[in-house]
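Below: coords14.pdb (PDB, C-alpha atoms, pLDDT in the B column)
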ATOM      1  CA  MET A   1      86.836  95.872 101.932  1.00 93.00           C
ATOM      2  CA  PRO A   2      85.851  93.243  99.327  1.00 98.00           C
ATOM      3  CA  THR A   3      87.278  89.729  99.499  1.00 98.00           C
ATOM      4  CA  VAL A   4      88.502  87.398  96.754  1.00 98.00           C
ATOM      5  CA  LEU A   5      89.345  83.723  97.148  1.00 99.00           C
ATOM      6  CA  ILE A   6      91.809  82.464  94.543  1.00 98.00           C
ATOM      7  CA  THR A   7      92.651  78.805  93.917  1.00 98.00           C
ATOM      8  CA  GLY A   8      96.049  77.899  92.489  1.00 98.00           C
ATOM      9  CA  ALA A   9      97.338  81.240  93.748  1.00 98.00           C
ATOM     10  CA  ASN A  10     101.031  80.389  93.974  1.00 96.00           C
ATOM     11  CA  LEU A  11     101.916  80.243  90.262  1.00 94.00           C
ATOM     12  CA  GLY A  12     101.266  81.925  86.917  1.00 94.00           C
ATOM     13  CA  ILE A  13      98.139  83.992  86.636  1.00 96.00           C
ATOM     14  CA  GLY A  14      96.989  82.855  90.083  1.00 97.00           C
ATOM     15  CA  LEU A  15      99.965  84.612  91.635  1.00 98.00           C
ATOM     16  CA  GLU A  16      99.308  87.652  89.450  1.00 97.00           C
ATOM     17  CA  PHE A  17      95.640  87.720  90.505  1.00 98.00           C
ATOM     18  CA  SER A  18      96.864  87.808  94.114  1.00 98.00           C
ATOM     19  CA  ARG A  19      99.238  90.688  93.376  1.00 98.00           C
ATOM     20  CA  GLN A  20      96.714  92.783  91.494  1.00 98.00           C
ATOM     21  CA  TYR A  21      93.836  92.303  93.915  1.00 98.00           C
ATOM     22  CA  LEU A  22      96.130  93.253  96.808  1.00 98.00           C
ATOM     23  CA  ALA A  23      97.152  96.376  94.870  1.00 98.00           C
ATOM     24  CA  LYS A  24      93.448  97.250  94.700  1.00 98.00           C
ATOM     25  CA  ASP A  25      93.225  96.937  98.508  1.00 98.00           C
ATOM     26  CA  TRP A  26      91.142  93.771  98.448  1.00 98.00           C
ATOM     27  CA  ARG A  27      91.360  91.108 101.117  1.00 98.00           C
ATOM     28  CA  VAL A  28      92.900  88.062  99.408  1.00 98.00           C
ATOM     29  CA  ILE A  29      92.415  84.460 100.495  1.00 98.00           C
ATOM     30  CA  ALA A  30      95.066  82.712  98.432  1.00 98.00           C
ATOM     31  CA  THR A  31      95.006  78.930  98.235  1.00 98.00           C
ATOM     32  CA  CYS A  32      97.521  76.426  96.910  1.00 98.00           C
ATOM     33  CA  ARG A  33      98.438  72.815  97.500  1.00 97.00           C
ATOM     34  CA  ASP A  34     101.567  73.490  99.572  1.00 97.00           C
ATOM     35  CA  PRO A  35     101.986  76.972 101.087  1.00 96.00           C
ATOM     36  CA  ARG A  36     105.447  75.955 102.334  1.00 95.00           C
ATOM     37  CA  GLN A  37     106.629  75.955  98.714  1.00 94.00           C
ATOM     38  CA  ALA A  38     104.822  79.194  97.791  1.00 96.00           C
ATOM     39  CA  ASN A  39     107.680  81.598  98.422  1.00 95.00           C
ATOM     40  CA  GLU A  40     106.575  84.361  96.041  1.00 96.00           C
ATOM     41  CA  LEU A  41     103.011  84.199  97.315  1.00 97.00           C
ATOM     42  CA  SER A  42     104.105  84.321 100.946  1.00 93.00           C
ATOM     43  CA  ALA A  43     106.261  87.361 100.208  1.00 96.00           C
ATOM     44  CA  LEU A  44     103.302  89.461  99.035  1.00 97.00           C
ATOM     45  CA  SER A  45     102.252  92.268 101.345  1.00 95.00           C
ATOM     46  CA  GLY A  46      98.746  93.364 102.170  1.00 97.00           C
ATOM     47  CA  ASP A  47      95.639  91.767 103.646  1.00 98.00           C
ATOM     48  CA  ILE A  48      96.390  88.229 102.497  1.00 98.00           C
ATOM     49  CA  THR A  49      95.777  84.821 104.042  1.00 97.00           C
ATOM     50  CA  VAL A  50      97.373  81.742 102.496  1.00 97.00           C
ATOM     51  CA  GLU A  51      95.464  78.483 102.875  1.00 98.00           C
ATOM     52  CA  SER A  52      96.439  74.933 101.926  1.00 98.00           C
ATOM     53  CA  LEU A  53      93.936  73.619  99.389  1.00 98.00           C
ATOM     54  CA  ASP A  54      94.092  70.831  96.821  1.00 98.00           C
ATOM     55  CA  VAL A  55      91.031  71.220  94.588  1.00 98.00           C
ATOM     56  CA  SER A  56      90.993  67.470  93.908  1.00 98.00           C
ATOM     57  CA  ASP A  57      90.540  66.758  97.625  1.00 98.00           C
ATOM     58  CA  HIS A  58      86.840  67.223  98.361  1.00 98.00           C
ATOM     59  CA  ALA A  59      87.191  66.638 102.101  1.00 98.00           C
ATOM     60  CA  GLN A  60      89.849  69.342 102.313  1.00 98.00           C
ATOM     61  CA  ILE A  61      87.671  71.756 100.338  1.00 98.00           C
ATOM     62  CA  GLN A  62      84.834  71.241 102.825  1.00 98.00           C
ATOM     63  CA  SER A  63      87.232  71.656 105.747  1.00 98.00           C
ATOM     64  CA  VAL A  64      88.623  74.955 104.431  1.00 98.00           C
ATOM     65  CA  ALA A  65      85.109  76.240 103.692  1.00 98.00           C
ATOM     66  CA  LYS A  66      84.118  75.422 107.265  1.00 98.00           C
ATOM     67  CA  SER A  67      87.202  77.127 108.708  1.00 98.00           C
ATOM     68  CA  LEU A  68      86.356  80.257 106.682  1.00 98.00           C
ATOM     69  CA  LYS A  69      82.643  80.180 107.514  1.00 96.00           C
ATOM     70  CA  ARG A  70      82.675  83.771 108.806  1.00 96.00           C
ATOM     71  CA  GLU A  71      84.154  85.149 105.573  1.00 97.00           C
ATOM     72  CA  ASN A  72      82.011  86.820 102.930  1.00 98.00           C
ATOM     73  CA  ILE A  73      83.550  86.152  99.518  1.00 98.00           C
ATOM     74  CA  ASP A  74      82.762  88.732  96.845  1.00 98.00           C
ATOM     75  CA  VAL A  75      84.654  86.974  94.063  1.00 99.00           C
ATOM     76  CA  LEU A  76      85.550  83.289  93.928  1.00 99.00           C
ATOM     77  CA  MET A  77      88.334  82.881  91.379  1.00 98.00           C
ATOM     78  CA  ASN A  78      88.487  79.244  90.234  1.00 98.00           C
ATOM     79  CA  ASN A  79      91.975  79.385  88.759  1.00 98.00           C
ATOM     80  CA  ALA A  80      93.693  76.122  89.730  1.00 98.00           C
ATOM     81  CA  GLY A  81      94.213  73.766  86.812  1.00 97.00           C
ATOM     82  CA  ILE A  82      96.622  71.463  85.004  1.00 96.00           C
ATOM     83  CA  HIS A  83      97.238  70.688  81.347  1.00 95.00           C
ATOM     84  CA  GLY A  84      97.869  66.971  81.643  1.00 95.00           C
ATOM     85  CA  PRO A  85      99.912  64.747  79.306  1.00 93.00           C
ATOM     86  CA  ARG A  86     101.633  66.280  76.281  1.00 90.00           C
ATOM     87  CA  PRO A  87     101.269  65.155  73.592  1.00 89.00           C
ATOM     88  CA  SER A  88      97.900  63.422  73.755  1.00 91.00           C
ATOM     89  CA  ARG A  89      97.287  61.504  70.546  1.00 91.00           C
ATOM     90  CA  VAL A  90      95.065  58.710  69.284  1.00 95.00           C
ATOM     91  CA  GLY A  91      96.697  55.427  70.212  1.00 94.00           C
ATOM     92  CA  GLY A  92      98.660  56.905  73.092  1.00 93.00           C
ATOM     93  CA  ILE A  93      96.068  58.145  75.575  1.00 96.00           C
ATOM     94  CA  ASP A  94      96.893  57.950  79.293  1.00 97.00           C
ATOM     95  CA  TYR A  95      93.410  57.456  80.686  1.00 97.00           C
ATOM     96  CA  ASP A  96      94.434  57.584  84.343  1.00 98.00           C
ATOM     97  CA  ALA A  97      96.105  60.956  83.755  1.00 98.00           C
ATOM     98  CA  TRP A  98      92.992  62.101  81.866  1.00 98.00           C
ATOM     99  CA  ALA A  99      90.870  61.268  84.918  1.00 98.00           C
ATOM    100  CA  ASP A 100      93.190  63.405  87.054  1.00 98.00           C
ATOM    101  CA  VAL A 101      92.799  66.349  84.657  1.00 98.00           C
ATOM    102  CA  LEU A 102      89.015  66.072  84.826  1.00 98.00           C
ATOM    103  CA  ARG A 103      89.112  65.808  88.608  1.00 98.00           C
ATOM    104  CA  ILE A 104      91.139  69.023  88.919  1.00 98.00           C
ATOM    105  CA  ASN A 105      89.897  71.128  85.987  1.00 98.00           C
ATOM    106  CA  THR A 106      86.221  70.198  85.957  1.00 98.00           C
ATOM    107  CA  MET A 107      85.106  68.730  89.266  1.00 98.00           C
ATOM    108  CA  GLY A 108      87.448  70.947  91.311  1.00 98.00           C
ATOM    109  CA  PRO A 109      85.825  74.267  90.334  1.00 98.00           C
ATOM    110  CA  MET A 110      82.371  72.808  90.859  1.00 98.00           C
ATOM    111  CA  LYS A 111      83.200  71.443  94.314  1.00 98.00           C
ATOM    112  CA  VAL A 112      84.867  74.691  95.404  1.00 98.00           C
ATOM    113  CA  SER A 113      81.881  76.709  94.144  1.00 98.00           C
ATOM    114  CA  GLU A 114      79.471  74.387  95.923  1.00 98.00           C
ATOM    115  CA  ALA A 115      81.410  74.487  99.198  1.00 98.00           C
ATOM    116  CA  PHE A 116      81.669  78.292  99.234  1.00 98.00           C
ATOM    117  CA  VAL A 117      78.266  79.179  97.817  1.00 98.00           C
ATOM    118  CA  GLU A 118      76.957  80.512 101.145  1.00 98.00           C
ATOM    119  CA  HIS A 119      80.070  82.666 101.628  1.00 98.00           C
ATOM    120  CA  ILE A 120      79.461  84.128  98.166  1.00 98.00           C
ATOM    121  CA  ALA A 121      75.719  84.587  98.620  1.00 98.00           C
ATOM    122  CA  ARG A 122      76.322  86.725 101.740  1.00 98.00           C
ATOM    123  CA  SER A 123      78.718  89.095  99.966  1.00 98.00           C
ATOM    124  CA  GLU A 124      77.978  92.321  98.134  1.00 98.00           C
ATOM    125  CA  GLN A 125      79.317  91.349  94.700  1.00 98.00           C
ATOM    126  CA  LYS A 126      78.324  87.652  94.577  1.00 98.00           C
ATOM    127  CA  LYS A 127      80.526  86.475  91.683  1.00 99.00           C
ATOM    128  CA  ILE A 128      81.983  83.117  90.678  1.00 99.00           C
ATOM    129  CA  VAL A 129      84.716  83.316  88.031  1.00 98.00           C
ATOM    130  CA  THR A 130      86.267  80.244  86.429  1.00 98.00           C
ATOM    131  CA  ILE A 131      89.413  80.379  84.345  1.00 98.00           C
ATOM    132  CA  SER A 132      88.783  78.113  81.365  1.00 98.00           C
ATOM    133  CA  SER A 133      90.376  78.209  77.915  1.00 97.00           C
ATOM    134  CA  ARG A 134      89.487  78.725  74.282  1.00 95.00           C
ATOM    135  CA  MET A 135      90.754  75.148  73.904  1.00 96.00           C
ATOM    136  CA  GLY A 136      87.484  74.153  75.558  1.00 97.00           C
ATOM    137  CA  SER A 137      85.556  75.711  72.682  1.00 98.00           C
ATOM    138  CA  ILE A 138      84.101  73.049  70.382  1.00 97.00           C
ATOM    139  CA  THR A 139      83.481  75.645  67.690  1.00 97.00           C
ATOM    140  CA  ASP A 140      87.102  76.823  67.763  1.00 94.00           C
ATOM    141  CA  ASN A 141      88.720  73.373  67.667  1.00 96.00           C
ATOM    142  CA  GLU A 142      90.504  73.192  64.318  1.00 93.00           C
ATOM    143  CA  SER A 143      93.702  71.441  65.413  1.00 93.00           C
ATOM    144  CA  GLY A 144      92.476  68.415  67.396  1.00 95.00           C
ATOM    145  CA  GLY A 145      94.541  66.591  69.998  1.00 95.00           C
ATOM    146  CA  ALA A 146      94.949  67.657  73.652  1.00 96.00           C
ATOM    147  CA  TYR A 147      92.085  65.333  74.583  1.00 97.00           C
ATOM    148  CA  PRO A 148      92.341  65.575  78.394  1.00 98.00           C
ATOM    149  CA  TYR A 149      92.764  69.350  78.525  1.00 97.00           C
ATOM    150  CA  ARG A 150      90.208  70.215  75.833  1.00 97.00           C
ATOM    151  CA  SER A 151      87.550  67.919  77.287  1.00 98.00           C
ATOM    152  CA  SER A 152      88.118  69.161  80.850  1.00 98.00           C
ATOM    153  CA  LYS A 153      87.671  72.782  79.787  1.00 98.00           C
ATOM    154  CA  ALA A 154      84.635  72.051  77.596  1.00 98.00           C
ATOM    155  CA  ALA A 155      83.159  70.199  80.555  1.00 98.00           C
ATOM    156  CA  VAL A 156      83.831  72.971  83.076  1.00 98.00           C
ATOM    157  CA  ASN A 157      82.213  75.426  80.658  1.00 98.00           C
ATOM    158  CA  ALA A 158      79.063  73.273  80.685  1.00 98.00           C
ATOM    159  CA  VAL A 159      79.223  72.945  84.474  1.00 98.00           C
ATOM    160  CA  MET A 160      79.473  76.697  84.968  1.00 98.00           C
ATOM    161  CA  LYS A 161      76.665  77.376  82.500  1.00 98.00           C
ATOM    162  CA  SER A 162      74.401  75.124  84.567  1.00 98.00           C
ATOM    163  CA  LEU A 163      75.620  76.719  87.784  1.00 98.00           C
ATOM    164  CA  ALA A 164      74.783  80.152  86.345  1.00 98.00           C
ATOM    165  CA  VAL A 165      71.204  79.009  85.764  1.00 98.00           C
ATOM    166  CA  ASP A 166      70.854  77.373  89.172  1.00 98.00           C
ATOM    167  CA  LEU A 167      72.345  80.259  91.180  1.00 98.00           C
ATOM    168  CA  LYS A 168      70.735  83.150  89.323  1.00 98.00           C
ATOM    169  CA  PRO A 169      67.721  83.180  91.704  1.00 98.00           C
ATOM    170  CA  ARG A 170      70.215  83.802  94.529  1.00 98.00           C
ATOM    171  CA  GLY A 171      71.703  86.787  92.725  1.00 98.00           C
ATOM    172  CA  ILE A 172      75.038  85.060  92.053  1.00 98.00           C
ATOM    173  CA  THR A 173      76.777  85.845  88.757  1.00 98.00           C
ATOM    174  CA  VAL A 174      78.792  83.006  87.199  1.00 98.00           C
ATOM    175  CA  VAL A 175      81.167  83.692  84.298  1.00 98.00           C
ATOM    176  CA  VAL A 176      83.885  81.734  82.480  1.00 98.00           C
ATOM    177  CA  PHE A 177      87.063  83.246  81.012  1.00 98.00           C
ATOM    178  CA  HIS A 178      89.600  82.490  78.332  1.00 96.00           C
ATOM    179  CA  PRO A 179      92.603  84.362  79.776  1.00 95.00           C
ATOM    180  CA  GLY A 180      94.525  84.319  76.505  1.00 91.00           C
ATOM    181  CA  TRP A 181      97.586  82.262  75.648  1.00 82.00           C
ATOM    182  CA  VAL A 182      99.593  83.432  78.636  1.00 83.00           C
ATOM    183  CA  SER A 183     103.342  83.230  79.159  1.00 73.00           C
ATOM    184  CA  THR A 184     103.404  80.989  82.241  1.00 77.00           C
ATOM    185  CA  ASP A 185     104.826  77.569  83.068  1.00 71.00           C
ATOM    186  CA  MET A 186     101.713  76.054  81.474  1.00 70.00           C
ATOM    187  CA  GLY A 187     101.525  78.412  78.507  1.00 72.00           C
ATOM    188  CA  GLY A 188     105.241  78.301  77.744  1.00 72.00           C
ATOM    189  CA  PRO A 189     107.714  81.028  76.761  1.00 75.00           C
ATOM    190  CA  SER A 190     106.258  81.466  73.254  1.00 74.00           C
ATOM    191  CA  ALA A 191     102.888  82.624  74.555  1.00 72.00           C
ATOM    192  CA  PRO A 192     102.169  86.197  73.404  1.00 77.00           C
ATOM    193  CA  VAL A 193     100.210  87.462  76.440  1.00 87.00           C
ATOM    194  CA  GLU A 194     101.948  88.515  79.654  1.00 91.00           C
ATOM    195  CA  PRO A 195     100.298  87.487  82.953  1.00 92.00           C
ATOM    196  CA  GLU A 196      99.992  91.142  83.988  1.00 95.00           C
ATOM    197  CA  THR A 197      97.991  91.960  80.847  1.00 96.00           C
ATOM    198  CA  SER A 198      95.720  88.938  81.075  1.00 96.00           C
ATOM    199  CA  VAL A 199      94.931  89.376  84.757  1.00 97.00           C
ATOM    200  CA  ALA A 200      94.355  93.125  84.502  1.00 97.00           C
ATOM    201  CA  GLY A 201      91.910  92.443  81.679  1.00 97.00           C
ATOM    202  CA  VAL A 202      90.008  89.737  83.543  1.00 98.00           C
ATOM    203  CA  ILE A 203      89.740  91.852  86.708  1.00 98.00           C
ATOM    204  CA  LYS A 204      88.465  94.828  84.717  1.00 98.00           C
ATOM    205  CA  VAL A 205      85.769  92.718  83.071  1.00 98.00           C
ATOM    206  CA  VAL A 206      84.829  91.014  86.348  1.00 98.00           C
ATOM    207  CA  GLU A 207      84.290  94.431  87.927  1.00 98.00           C
ATOM    208  CA  LYS A 208      81.723  95.224  85.239  1.00 98.00           C
ATOM    209  CA  VAL A 209      79.807  91.952  84.870  1.00 98.00           C
ATOM    210  CA  LYS A 210      76.344  91.816  86.375  1.00 97.00           C
ATOM    211  CA  LEU A 211      73.665  89.202  86.865  1.00 98.00           C
ATOM    212  CA  SER A 212      72.420  89.580  83.287  1.00 98.00           C
ATOM    213  CA  ASP A 213      75.902  88.434  82.139  1.00 98.00           C
ATOM    214  CA  SER A 214      75.738  85.214  84.125  1.00 98.00           C
ATOM    215  CA  GLY A 215      76.550  82.139  82.045  1.00 98.00           C
ATOM    216  CA  LYS A 216      78.769  83.941  79.522  1.00 98.00           C
ATOM    217  CA  PHE A 217      82.127  82.695  78.179  1.00 98.00           C
ATOM    218  CA  LEU A 218      84.393  85.732  77.768  1.00 98.00           C
ATOM    219  CA  ASN A 219      87.997  86.525  76.919  1.00 97.00           C
ATOM    220  CA  TYR A 220      90.209  88.813  78.972  1.00 96.00           C
ATOM    221  CA  GLY A 221      89.128  91.755  76.841  1.00 96.00           C
ATOM    222  CA  GLY A 222      85.463  91.135  77.573  1.00 97.00           C
ATOM    223  CA  LYS A 223      84.473  89.699  74.192  1.00 97.00           C
ATOM    224  CA  LYS A 224      82.309  86.583  73.952  1.00 98.00           C
ATOM    225  CA  VAL A 225      84.041  83.304  73.113  1.00 97.00           C
ATOM    226  CA  ALA A 226      82.176  80.729  71.021  1.00 97.00           C
ATOM    227  CA  TRP A 227      81.119  77.596  72.855  1.00 96.00           C
TER     228      TRP A 227
END
As structure tokens, please, write out the structure in this file.
Amino acid sequence: MPTVLITGANLGIGLEFSRQYLAKDWRVIATCRDPRQANELSALSGDITVESLDVSDHAQIQSVAKSLKRENIDVLMNNAGIHGPRPSRVGGIDYDAWADVLRINTMGPMKVSEAFVEHIARSEQKKIVTISSRMGSITDNESGGAYPYRSSKAAVNAVMKSLAVDLKPRGITVVVFHPGWVSTDMGGPSAPVEPETSVAGVIKVVEKVKLSDSGKFLNYGGKKVAW
């Protein structure tokens, strides 16, 4: 039975990733900041373990990785993230909040990947997946603004590209995804893509990616996204 570890698993597409991987008979290690508040996640049935994990807390990440040292993780799903202040405009930047966004969206996925790299290297599939956004694409930026969120996603794209290069000799595939504009608390009710559609698409693509795909930025349909 393959195993997936999902960060930010209690809400939005993280919760949907948990549902769909359980439906595929995977073992799911679902993490979130406060499992006591994760009622929908706790209600899921199947081979699921819920762990407390704040991706901005590096000591906690190391502690959880140590407690799970016997687990082989086929897919690490770096999903946890925040948008940060809205709006974010020139002359009104909250720099402390921006630092928090970078800590969670950029450094968090790197620290989690680093802490669990041995768990991943021992598995059969050996995949690290990071949920990014097309808003992190420099090429695609035609509307400006959203400085904290855009920069954090552009930065995590660069981080994962480097990680793909560094881990390729170990047979670990690293890919980054734009999940679409998804109808979640973050995406808002006007978003055109349902979580079920986005997650099903990402999982389908993840099943097919191989080492030669490492370092790619893809959408939930499998098409390349411009950097």
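Restricting the calculation to only C-alpha atoms, the smallest distance between Val174 in chain A and any of A:Ile131, A:Ala9, A:Leu53, A:Leu44 is found for A:Ile131.
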Residue among A:Gly188, A:Pro148, A:Pro169, A:Gly136 lying closest to Val101 in chain A, counting all atoms listed in the file: A:Pro148
Shell of 10 Å around Arg89 in chain A, only C-alpha atoms, local chain residues under 3 positions omitted, as a PyMOL selection string: chain A and resi 85-86+92-94+144-147
Taking all atoms listed in the file into account, name the residue in A:Ser190, A:Ser18, A:Ser52, A:Thr173 that is nearest to Ser67 in chain A. A:Ser52
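Shortest atom-to-atom contact with Arg150 in chain A among A:Lys223, A:Arg19, A:Arg134, A:Lys216: A:Arg134, counting only C-alpha atoms.
Interatomic distance, CA of Pro109 in chain A against CA of Arg36 in chain A: 23.1 Å.
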Check which residues satisfy the PyMOL selection byres ((chain A and resi 31) around 10) in the file shown, then give them as a PDB file with C-alpha atoms, keeping the file's coordinate frame.
ATOM      1  CA  LEU A   5      89.345  83.723  97.148  1.00 99.00           C
ATOM      2  CA  ILE A   6      91.809  82.464  94.543  1.00 98.00           C
ATOM      3  CA  THR A   7      92.651  78.805  93.917  1.00 98.00           C
ATOM      4  CA  GLY A   8      96.049  77.899  92.489  1.00 98.00           C
ATOM      5  CA  ALA A   9      97.338  81.240  93.748  1.00 98.00           C
ATOM      6  CA  ASN A  10     101.031  80.389  93.974  1.00 96.00           C
ATOM      7  CA  GLY A  14      96.989  82.855  90.083  1.00 97.00           C
ATOM      8  CA  SER A  18      96.864  87.808  94.114  1.00 98.00           C
ATOM      9  CA  VAL A  28      92.900  88.062  99.408  1.00 98.00           C
ATOM     10  CA  ILE A  29      92.415  84.460 100.495  1.00 98.00           C
ATOM     11  CA  ALA A  30      95.066  82.712  98.432  1.00 98.00           C
ATOM     12  CA  CYS A  32      97.521  76.426  96.910  1.00 98.00           C
ATOM     13  CA  ARG A  33      98.438  72.815  97.500  1.00 97.00           C
ATOM     14  CA  ASP A  34     101.567  73.490  99.572  1.00 97.00           C
ATOM     15  CA  PRO A  35     101.986  76.972 101.087  1.00 96.00           C
ATOM     16  CA  ALA A  38     104.822  79.194  97.791  1.00 96.00           C
ATOM     17  CA  LEU A  41     103.011  84.199  97.315  1.00 97.00           C
ATOM     18  CA  THR A  49      95.777  84.821 104.042  1.00 97.00           C
ATOM     19  CA  VAL A  50      97.373  81.742 102.496  1.00 97.00           C
ATOM     20  CA  GLU A  51      95.464  78.483 102.875  1.00 98.00           C
ATOM     21  CA  SER A  52      96.439  74.933 101.926  1.00 98.00           C
ATOM     22  CA  LEU A  53      93.936  73.619  99.389  1.00 98.00           C
ATOM     23  CA  ASP A  54      94.092  70.831  96.821  1.00 98.00           C
ATOM     24  CA  VAL A  55      91.031  71.220  94.588  1.00 98.00           C
ATOM     25  CA  VAL A  64      88.623  74.955 104.431  1.00 98.00           C
ATOM     26  CA  ASN A  79      91.975  79.385  88.759  1.00 98.00           C
ATOM     27  CA  ALA A  80      93.693  76.122  89.730  1.00 98.00           C
TER      28      ALA A  80
END
Can you give me, as an mmCIF file with C-alpha atoms, in the frame of the given file, the residues this file yields under the PyMOL selection byres ((chain A and resi 162) around 12)?
data_model
loop_
_atom_site.group_PDB
_atom_site.id
_atom_site.type_symbol
_atom_site.label_atom_id
_atom_site.label_comp_id
_atom_site.auth_asym_id
_atom_site.auth_seq_id
_atom_site.Cartn_x
_atom_site.Cartn_y
_atom_site.Cartn_z
ATOM 1 C CA MET A 110 82.371 72.808 90.859
ATOM 2 C CA ALA A 155 83.159 70.199 80.555
ATOM 3 C CA VAL A 156 83.831 72.971 83.076
ATOM 4 C CA ASN A 157 82.213 75.426 80.658
ATOM 5 C CA ALA A 158 79.063 73.273 80.685
ATOM 6 C CA VAL A 159 79.223 72.945 84.474
ATOM 7 C CA MET A 160 79.473 76.697 84.968
ATOM 8 C CA LYS A 161 76.665 77.376 82.500
ATOM 9 C CA LEU A 163 75.620 76.719 87.784
ATOM 10 C CA ALA A 164 74.783 80.152 86.345
ATOM 11 C CA VAL A 165 71.204 79.009 85.764
ATOM 12 C CA ASP A 166 70.854 77.373 89.172
ATOM 13 C CA LEU A 167 72.345 80.259 91.180
ATOM 14 C CA LYS A 168 70.735 83.150 89.323
ATOM 15 C CA THR A 173 76.777 85.845 88.757
ATOM 16 C CA VAL A 174 78.792 83.006 87.199
ATOM 17 C CA VAL A 175 81.167 83.692 84.298
ATOM 18 C CA VAL A 176 83.885 81.734 82.480
ATOM 19 C CA SER A 214 75.738 85.214 84.125
ATOM 20 C CA GLY A 215 76.550 82.139 82.045
ATOM 21 C CA LYS A 216 78.769 83.941 79.522
#
Mind telling me what the PyMOL selection byres ((chain A and resi 124) around 10) catches here, as a short mmCIF file (atom, residue, chain, number, x, y, z; two decimals) with C-alpha atoms, keeping the file's coordinate frame?
data_model
loop_
_atom_site.label_atom_id
_atom_site.label_comp_id
_atom_site.auth_asym_id
_atom_site.auth_seq_id
_atom_site.Cartn_x
_atom_site.Cartn_y
_atom_site.Cartn_z
CA PRO A 2 85.85 93.24 99.33
CA THR A 3 87.28 89.73 99.50
CA ASN A 72 82.01 86.82 102.93
CA ILE A 73 83.55 86.15 99.52
CA ASP A 74 82.76 88.73 96.84
CA VAL A 75 84.65 86.97 94.06
CA ILE A 120 79.46 84.13 98.17
CA ALA A 121 75.72 84.59 98.62
CA ARG A 122 76.32 86.72 101.74
CA SER A 123 78.72 89.10 99.97
CA GLN A 125 79.32 91.35 94.70
CA LYS A 126 78.32 87.65 94.58
CA LYS A 127 80.53 86.48 91.68
CA GLY A 171 71.70 86.79 92.72
CA ILE A 172 75.04 85.06 92.05
#
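Atom pair CA of Glu118 in chain A / CA of Lys69 in chain A: separated by 8.5 Å.
For the residues A:Met77, A:Ala99, A:Val90, A:Ala115, ranking by smallest atom-to-atom distance to Gln62 in chain A using only C-alpha atoms places A:Ala115 first.
Taking CA of Asp213 in chain A as the reference point, CA of Trp181 in chain A is found at 23.5 Å.
Residue nearest Tyr220 in chain A within the list A:Ser88, A:Ser42, A:Asn141, A:Ser133: A:Ser133 [criterion: smallest interatomic distance, all atoms listed in the file].
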For range 196-210 of chain A, I'd like the enclosing box, axis-aligned and padded by 6 Å on every side, reported as JSON with centre and edge lengths in Å to one decimal.
{"center_x": 88.2, "center_y": 92.1, "center_z": 84.4, "size_x": 35.6, "size_y": 18.3, "size_z": 19.1}
